[in-house]
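Trainee: Provided below: data21.pdb, containing PDB, C-alpha atoms and all ligand atoms.
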```
ATOM      1  CA  MET A 106       0.000   0.000   0.000
ATOM      2  CA  ILE A 107       2.887   2.368   0.914
ATOM      3  CA  LEU A 108       6.416   1.575  -0.200
ATOM      4  CA  LEU A 109       9.540   3.686   0.235
ATOM      5  CA  ASP A 110      12.557   2.126  -1.410
ATOM      6  CA  HIS A 111      15.901   3.754  -0.522
ATOM      7  CA  VAL A 112      14.292   7.175  -0.299
ATOM      8  CA  THR A 113      16.343  10.296   0.358
ATOM      9  CA  LYS A 114      14.832  13.767   0.628
ATOM     10  CA  ARG A 115      17.000  16.882   0.662
ATOM     11  CA  TYR A 116      15.171  20.199   0.878
ATOM     12  CA  ASP A 117      18.347  21.993  -0.191
ATOM     13  CA  ALA A 118      21.723  20.822  -1.354
ATOM     14  CA  ALA A 119      23.674  22.507   1.443
ATOM     15  CA  SER A 120      21.943  20.908   4.457
ATOM     16  CA  ALA A 121      21.760  17.322   5.685
ATOM     17  CA  PRO A 122      18.947  15.245   4.168
ATOM     18  CA  ALA A 123      15.617  15.315   6.023
ATOM     19  CA  LEU A 124      15.304  11.623   5.127
ATOM     20  CA  ASP A 125      18.348   9.558   4.320
ATOM     21  CA  ASP A 126      18.084   6.256   2.440
ATOM     22  CA  VAL A 127      14.886   5.117   4.149
ATOM     23  CA  SER A 128      13.215   1.880   3.049
ATOM     24  CA  VAL A 129       9.901   0.884   4.563
ATOM     25  CA  GLU A 130       6.803  -0.984   3.425
ATOM     26  CA  ILE A 131       3.382  -0.607   5.007
ATOM     27  CA  GLU A 132       0.843  -3.202   3.939
ATOM     28  CA  ARG A 133      -2.820  -2.652   3.212
ATOM     29  CA  GLY A 134      -4.807  -2.569   6.458
ATOM     30  CA  GLU A 135      -1.790  -2.045   8.713
ATOM     31  CA  PHE A 136      -1.545   0.420  11.588
ATOM     32  CA  ALA A 137       1.917   1.965  12.005
ATOM     33  CA  PHE A 138       3.421   4.686  14.128
ATOM     34  CA  VAL A 139       6.248   6.868  12.864
ATOM     35  CA  VAL A 140       8.168   8.136  15.883
ATOM     36  CA  GLY A 141      11.236  10.244  16.514
ATOM     37  CA  ALA A 142      12.311  13.551  18.019
ATOM     38  CA  SER A 143      11.427  16.887  16.494
ATOM     39  CA  GLY A 144      13.212  17.283  13.173
ATOM     40  CA  SER A 145      13.848  13.542  12.714
ATOM     41  CA  GLY A 146      11.878  13.475   9.456
ATOM     42  CA  LYS A 147       8.393  12.254  10.420
ATOM     43  CA  SER A 148       6.465  14.995   8.619
ATOM     44  CA  THR A 149       8.759  14.718   5.632
ATOM     45  CA  LEU A 150       7.914  11.021   5.350
ATOM     46  CA  LEU A 151       4.175  11.809   5.370
ATOM     47  CA  ARG A 152       4.627  14.683   2.895
ATOM     48  CA  LEU A 153       6.409  12.316   0.524
ATOM     49  CA  VAL A 154       3.468   9.904   0.703
ATOM     50  CA  THR A 155       0.974  12.646  -0.227
ATOM     51  CA  ARG A 156       3.406  13.929  -2.875
ATOM     52  CA  GLU A 157       3.485  17.349  -1.237
ATOM     53  CA  VAL A 158       7.213  16.965  -1.737
ATOM     54  CA  ALA A 159       9.086  14.756  -4.198
ATOM     55  CA  PRO A 160      11.973  12.461  -3.245
ATOM     56  CA  THR A 161      15.509  13.468  -4.165
ATOM     57  CA  HIS A 162      16.396   9.782  -4.665
ATOM     58  CA  GLY A 163      14.534   6.526  -4.400
ATOM     59  CA  ARG A 164      11.252   4.957  -5.325
ATOM     60  CA  ILE A 165       7.877   5.572  -3.680
ATOM     61  CA  GLN A 166       4.671   3.686  -4.386
ATOM     62  CA  VAL A 167       1.365   4.610  -2.764
ATOM     63  CA  ALA A 168      -1.966   2.932  -3.520
ATOM     64  CA  GLY A 169      -0.608   1.671  -6.818
ATOM     65  CA  TYR A 170       0.821   5.029  -7.901
ATOM     66  CA  ASN A 171       4.495   5.456  -8.641
ATOM     67  CA  LEU A 172       5.304   8.812  -7.053
ATOM     68  CA  ALA A 173       8.875   9.469  -8.090
ATOM     69  CA  ASP A 174       8.038  10.130 -11.729
ATOM     70  CA  MET A 175       4.417  11.136 -11.254
ATOM     71  CA  PRO A 176       3.196  14.006 -13.434
ATOM     72  CA  GLU A 177       1.530  16.892 -11.540
ATOM     73  CA  ARG A 178      -1.829  16.206 -13.179
ATOM     74  CA  ARG A 179      -2.006  12.763 -11.515
ATOM     75  CA  ILE A 180      -1.561  14.156  -7.982
ATOM     76  CA  PRO A 181      -5.295  14.854  -7.325
ATOM     77  CA  ALA A 182      -6.087  11.194  -8.107
ATOM     78  CA  LEU A 183      -3.430  10.086  -5.604
ATOM     79  CA  ARG A 184      -4.814  12.433  -2.940
ATOM     80  CA  ARG A 185      -8.291  10.954  -3.312
ATOM     81  CA  GLU A 186      -6.792   7.758  -1.918
ATOM     82  CA  ILE A 187      -5.440   9.484   1.202
ATOM     83  CA  GLY A 188      -7.115  11.199   4.155
ATOM     84  CA  VAL A 189      -4.878  13.466   6.254
ATOM     85  CA  VAL A 190      -5.249  14.731   9.814
ATOM     86  CA  PHE A 191      -3.010  17.407  11.340
ATOM     87  CA  GLN A 192      -2.132  18.546  14.853
ATOM     88  CA  ASP A 193      -3.914  21.886  14.407
ATOM     89  CA  PHE A 194      -7.188  20.423  12.998
ATOM     90  CA  ARG A 195      -7.363  22.928  10.080
ATOM     91  CA  LEU A 196     -11.157  23.237  10.054
ATOM     92  CA  LEU A 197     -12.975  25.941   8.103
ATOM     93  CA  GLU A 198     -14.015  28.276  10.913
ATOM     94  CA  GLY A 199     -17.017  29.809   9.155
ATOM     95  CA  LYS A 200     -18.581  26.443   8.330
ATOM     96  CA  THR A 201     -20.491  24.106  10.602
ATOM     97  CA  VAL A 202     -19.288  20.625  11.470
ATOM     98  CA  GLN A 203     -21.388  19.021   8.751
ATOM     99  CA  GLN A 204     -20.419  21.675   6.210
ATOM    100  CA  ASN A 205     -16.736  21.056   6.962
ATOM    101  CA  VAL A 206     -17.173  17.359   6.276
ATOM    102  CA  ALA A 207     -19.456  17.858   3.256
ATOM    103  CA  PHE A 208     -16.996  20.289   1.670
ATOM    104  CA  VAL A 209     -14.544  17.474   0.860
ATOM    105  CA  LEU A 210     -17.188  15.608  -1.131
ATOM    106  CA  GLN A 211     -18.390  18.794  -2.849
ATOM    107  CA  VAL A 212     -14.853  19.528  -4.027
ATOM    108  CA  LEU A 213     -14.702  15.987  -5.442
ATOM    109  CA  GLY A 214     -17.935  16.663  -7.311
ATOM    110  CA  ALA A 215     -20.034  14.142  -5.377
ATOM    111  CA  LYS A 216     -23.781  14.005  -5.968
ATOM    112  CA  ARG A 217     -26.012  15.624  -3.368
ATOM    113  CA  ARG A 218     -27.561  12.273  -2.470
ATOM    114  CA  ARG A 219     -24.171  10.762  -1.718
ATOM    115  CA  ILE A 220     -23.224  13.758   0.430
ATOM    116  CA  LYS A 221     -26.498  13.503   2.366
ATOM    117  CA  GLN A 222     -25.779   9.885   3.122
ATOM    118  CA  GLN A 223     -22.027   9.888   3.790
ATOM    119  CA  VAL A 224     -21.671  13.022   5.935
ATOM    120  CA  PRO A 225     -23.986  11.748   8.715
ATOM    121  CA  GLU A 226     -22.267   8.347   8.527
ATOM    122  CA  ALA A 227     -18.849   9.960   9.031
ATOM    123  CA  LEU A 228     -20.137  12.079  11.928
ATOM    124  CA  GLU A 229     -21.715   8.988  13.477
ATOM    125  CA  LEU A 230     -18.404   7.153  13.202
ATOM    126  CA  VAL A 231     -16.568   9.861  15.163
ATOM    127  CA  GLY A 232     -19.416  10.270  17.676
ATOM    128  CA  LEU A 233     -20.440  13.780  16.668
ATOM    129  CA  ALA A 234     -23.841  13.204  15.059
ATOM    130  CA  ASP A 235     -25.450  15.449  17.675
ATOM    131  CA  LYS A 236     -23.070  18.366  17.008
ATOM    132  CA  ALA A 237     -23.442  18.547  13.220
ATOM    133  CA  LYS A 238     -24.719  22.138  13.266
ATOM    134  CA  ARG A 239     -22.088  23.572  15.594
ATOM    135  CA  LEU A 240     -19.258  25.806  14.455
ATOM    136  CA  PRO A 241     -15.677  24.681  15.163
ATOM    137  CA  HIS A 242     -15.139  27.287  17.893
ATOM    138  CA  GLU A 243     -18.136  25.847  19.748
ATOM    139  CA  LEU A 244     -16.325  22.510  20.138
ATOM    140  CA  SER A 245     -13.570  21.215  22.430
ATOM    141  CA  GLY A 246     -10.154  20.429  20.958
ATOM    142  CA  GLY A 247     -10.893  16.701  20.969
ATOM    143  CA  GLU A 248     -14.199  17.276  19.195
ATOM    144  CA  GLN A 249     -12.512  19.472  16.608
ATOM    145  CA  GLN A 250      -9.998  16.732  15.942
ATOM    146  CA  ARG A 251     -12.862  14.261  15.535
ATOM    147  CA  VAL A 252     -14.407  16.557  12.921
ATOM    148  CA  ALA A 253     -11.047  16.638  11.153
ATOM    149  CA  ILE A 254     -10.977  12.825  11.235
ATOM    150  CA  ALA A 255     -14.551  12.644   9.876
ATOM    151  CA  ARG A 256     -13.479  14.986   7.086
ATOM    152  CA  ALA A 257     -10.444  12.819   6.340
ATOM    153  CA  VAL A 258     -12.430   9.577   6.110
ATOM    154  CA  VAL A 259     -15.704  10.750   4.532
ATOM    155  CA  LYS A 260     -14.393   9.999   1.036
ATOM    156  CA  ALA A 261     -13.557   6.442   2.283
ATOM    157  CA  PRO A 262      -9.838   6.608   1.478
ATOM    158  CA  PRO A 263      -7.816   3.383   1.754
ATOM    159  CA  ILE A 264      -5.079   5.339   3.572
ATOM    160  CA  LEU A 265      -5.319   7.681   6.566
ATOM    161  CA  LEU A 266      -2.259   9.698   7.622
ATOM    162  CA  ALA A 267      -2.161  11.596  10.909
ATOM    163  CA  ASP A 268       0.657  14.038  11.713
ATOM    164  CA  GLU A 269       0.847  14.555  15.497
ATOM    165  CA  PRO A 270      -2.953  14.208  15.784
ATOM    166  CA  THR A 271      -2.873  14.450  19.588
ATOM    167  CA  GLY A 272      -0.264  17.192  19.863
ATOM    168  CA  ASN A 273      -2.800  19.799  21.041
ATOM    169  CA  LEU A 274      -4.852  17.492  23.277
ATOM    170  CA  ASP A 275      -4.758  16.370  26.905
ATOM    171  CA  PRO A 276      -3.816  12.726  27.651
ATOM    172  CA  GLU A 277      -7.370  11.462  28.097
ATOM    173  CA  THR A 278      -8.613  13.084  24.895
ATOM    174  CA  SER A 279      -5.510  11.829  23.120
ATOM    175  CA  GLN A 280      -6.440   8.270  24.088
ATOM    176  CA  GLU A 281      -9.948   8.754  22.703
ATOM    177  CA  ILE A 282      -8.510   9.983  19.415
ATOM    178  CA  MET A 283      -6.136   7.009  19.265
ATOM    179  CA  ARG A 284      -8.994   4.611  19.925
ATOM    180  CA  LEU A 285     -10.939   6.243  17.108
ATOM    181  CA  LEU A 286      -7.986   5.891  14.711
ATOM    182  CA  GLN A 287      -7.702   2.223  15.659
ATOM    183  CA  ARG A 288     -11.405   1.743  15.059
ATOM    184  CA  ILE A 289     -11.014   3.250  11.600
ATOM    185  CA  ASN A 290      -8.068   0.904  11.012
ATOM    186  CA  LYS A 291     -10.292  -2.053  11.914
ATOM    187  CA  THR A 292     -12.608  -1.138   9.036
ATOM    188  CA  GLY A 293      -9.690  -1.899   6.701
ATOM    189  CA  THR A 294      -8.107   1.540   6.348
ATOM    190  CA  THR A 295      -4.315   1.654   6.411
ATOM    191  CA  VAL A 296      -3.415   4.124   9.182
ATOM    192  CA  VAL A 297      -0.048   5.846   9.718
ATOM    193  CA  VAL A 298       0.379   8.105  12.748
ATOM    194  CA  ALA A 299       3.428  10.342  13.252
ATOM    195  CA  THR A 300       3.971  11.240  16.877
ATOM    196  CA  HIS A 301       6.673  12.002  19.425
ATOM    197  CA  GLU A 302       4.418  11.028  22.333
ATOM    198  CA  ARG A 303       5.859   7.787  23.589
ATOM    199  CA  GLY A 304       2.979   7.052  25.990
ATOM    200  CA  ILE A 305       0.570   6.686  23.106
ATOM    201  CA  VAL A 306       2.909   4.382  21.252
ATOM    202  CA  ASP A 307       3.633   2.191  24.279
ATOM    203  CA  GLU A 308      -0.040   1.679  25.055
ATOM    204  CA  SER A 309      -1.015   0.715  21.545
ATOM    205  CA  ARG A 310       1.445  -2.123  20.902
ATOM    206  CA  LYS A 311       1.492  -1.437  17.195
ATOM    207  CA  ARG A 312       4.223  -1.343  14.605
ATOM    208  CA  VAL A 313       6.772   1.390  15.321
ATOM    209  CA  ILE A 314       8.937   2.950  12.646
ATOM    210  CA  GLU A 315      11.519   5.127  14.359
ATOM    211  CA  LEU A 316      13.509   7.870  12.670
ATOM    212  CA  ARG A 317      16.576   9.626  14.015
ATOM    213  CA  ASP A 318      18.138  12.489  12.061
ATOM    214  CA  GLY A 319      16.418  11.256   8.918
ATOM    215  CA  THR A 320      17.515   7.640   9.130
ATOM    216  CA  LEU A 321      15.420   4.618   9.995
ATOM    217  CA  VAL A 322      16.734   3.264  13.289
ATOM    218  CA  ARG A 323      13.962   0.847  14.223
ATOM    219  CA  ASP A 324      11.038  -0.939  12.659
ATOM    220  CA  GLU A 325       9.267  -3.245  15.089
ATOM    221  CA  GLN A 326       5.926  -4.905  14.832
ATOM    222  CA  THR A 327       5.075  -5.143  18.518
ATOM    223  CA  GLY A 328       5.401  -1.522  19.634
ATOM    224  CA  GLY A 329       7.188  -0.040  22.622
ATOM    225  CA  TYR A 330       9.293   3.110  22.490
ATOM    226  CA  ASP A 331      13.021   2.902  23.167
ATOM    227  CA  ALA A 332      13.177   4.456  26.624
ATOM    228  CA  SER A 333      16.968   4.614  26.562
ATOM    229  CA  GLN A 334      16.870   7.395  23.978
ATOM    230  CA  PRO A 335      16.135  10.960  25.021
ATOM    231  CA  GLY A 336      12.926  12.246  23.497
ATOM    232  CA  GLU A 337      10.901  15.432  23.437
ATOM    233  CA  ASP A 338       9.381  14.812  26.849
ATOM    234  CA  ASP A 339      12.748  14.470  28.570
ATOM    235  CA  ARG A 340      14.105  17.861  27.618
TER     236      ARG A 340
HETATM  237  N1  LIG A 401      10.282  22.944   3.710
HETATM  238  C1  LIG A 401      11.482  22.694   4.250
HETATM  239  N2  LIG A 401      12.593  23.312   3.791
HETATM  240  C2  LIG A 401      13.820  23.048   4.316
HETATM  241  N3  LIG A 401      14.029  22.167   5.317
HETATM  242  C3  LIG A 401      12.962  21.530   5.817
HETATM  243  C4  LIG A 401      11.640  21.749   5.318
HETATM  244  N4  LIG A 401      10.786  20.974   6.024
HETATM  245  C5  LIG A 401      11.535  20.297   6.916
HETATM  246  N5  LIG A 401      12.849  20.625   6.806
HETATM  247  C6  LIG A 401      13.956  20.059   7.591
HETATM  248  O1  LIG A 401      13.932  18.651   7.446
HETATM  249  C7  LIG A 401      14.230  18.014   8.692
HETATM  250  C8  LIG A 401      13.080  17.068   9.063
HETATM  251  O2  LIG A 401      11.905  17.840   9.332
HETATM  252  P1  LIG A 401      10.458  17.203   9.590
HETATM  253  O3  LIG A 401       9.494  18.305   9.678
HETATM  254  O4  LIG A 401      10.249  16.131   8.602
HETATM  255  O5  LIG A 401      10.692  16.524  11.009
HETATM  256  P2  LIG A 401       9.617  16.032  12.093
HETATM  257  O6  LIG A 401      10.191  14.787  12.644
HETATM  258  O7  LIG A 401       8.288  15.973  11.480
HETATM  259  O8  LIG A 401       9.660  17.185  13.156
HETATM  260  P3  LIG A 401       8.468  17.820  14.029
HETATM  261  O9  LIG A 401       8.067  16.753  14.989
HETATM  262  O10 LIG A 401       9.132  18.995  14.696
HETATM  263  O11 LIG A 401       7.397  18.216  13.061
HETATM  264  C9  LIG A 401      14.471  19.126   9.694
HETATM  265  O12 LIG A 401      15.858  19.317   9.795
HETATM  266  C10 LIG A 401      13.801  20.323   9.068
HETATM  267  O13 LIG A 401      14.421  21.510   9.458
END
```
Could I get this file's structure written as structure tokens?
Ligand SMILES: Nc1ncnc2c1ncn2[C@@H]1O[C@H](COP(=O)(O)OP(=O)(O)OP(=O)(O)O)[C@@H](O)[C@H]1O

Mentor:
Amino acid sequence: MILLDHVTKRYDAASAPALDDVSVEIERGEFAFVVGASGSGKSTLLRLVTREVAPTHGRIQVAGYNLADMPERRIPALRREIGVVFQDFRLLEGKTVQQNVAFVLQVLGAKRRRIKQQVPEALELVGLADKAKRLPHELSGGEQQRVAIARAVVKAPPILLADEPTGNLDPETSQEIMRLLQRINKTGTTVVVATHERGIVDESRKRVIELRDGTLVRDEQTGGYDASQPGEDDR
């Protein structure tokens, strides 16, 4: 589903690569964490998968698309296969919850009937059916992130990427969001979560792909964060 084969990404020739010769394969239906300290390359890895940035070297395949030599005009088709969630939610402030979620389908040119059916389903999935008419600022942070997740999955993408999805949330709300992402994974969606919060990773016992200074230093199926290494929380 997602394949990086000896991928290097340099943003500019003078500085060290943000990702350095990274090879990793994430199968359809898997749940994987990408962990590492700030600046280790987590966001760069996700941005390569969405083709926001192109690799300097190496081969990338996502949902059957070959990204390294992909023409610009094919990028929208790739992005239809991927839902993305960010730390800062990125909701449209002037639109209600249901309008935020519907907007994705409208942009894709979906029929009104499909929108009427899928938006309530997505809100039901994230537990926000009763708050469909609220504006984002009338919601808690955790609720706003759930709207963002509903928006990411409403088009039923095979892949969901989350970049520090719990970075702005308290521990209890973070756990709720992680449970929701795992529930979405159980429906068959491939889920990749970048985070530097080791507690979340330890609890989940999922595959952990660890980056340090742009290189892959660990790829383990059973989870657990290497406590011997200093991380964000220890500084
Ligand atoms: N657009 C850019 N231009 C130049 N350098 C960049 C750019 N984006 C990221 N970098 C550099 O690439 C390296 C990896 O950054 P990246 O954002 O991928 O790390 P990260 O692990 O996601 O960090 P964080 O947790 O702080 O978001 C860093 O050294 C960063 O400064």

Trainee: Can you turn the PyMOL selection byres (((chain A and resi 293) around 9) and not hetatm) into a concrete residue list for this file, as a ChimeraX atom specification?

Mentor: /A:133-135,263,289-292,294-295

Trainee: Assuming the chain letters and numbering stay as they are in my file, what does the PyMOL selection byres (((not hetatm)) within 8 of (chain A and resi 401)) actually select? List them as a list in words.

Mentor: Arg115, Tyr116, Asp117, Ala121, Pro122, Ala123, Leu124, Val140, Gly141, Ala142, Ser143, Gly144, Ser145, Gly146, Lys147, Ser148, Thr149, Leu150, Asp268, Glu269, Ala299, Thr300, His301, Leu316, Asp318 and Gly319 of chain A

Trainee: So what do you get for CA of Asp193 in chain A versus CA of Ile264 in chain A, distance-wise?

Mentor: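 One can read the CA of Asp193 in chain A to CA of Ile264 in chain A distance as 19.8 Å.
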
Trainee: Between A:Gln326, A:Val154, A:Leu108, A:Pro276, which residue has the minimum interatomic distance to Glu132 in chain A, considering only C-alpha atoms?

Mentor: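 Once distances to Glu132 in chain A are computed over only C-alpha atoms, the minimum belongs to A:Leu108.
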
Trainee: Expressed in Å to a single decimal, how great is the separation between CA of Gln250 in chain A and CA of Gly232 in chain A?

Mentor: 11.6 Å

Trainee: Rounded to one decimal in Å, what is the spacing between CA of Ala261 in chain A and CA of Leu286 in chain A?

Mentor: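 Those two atoms sit 13.6 Å apart.
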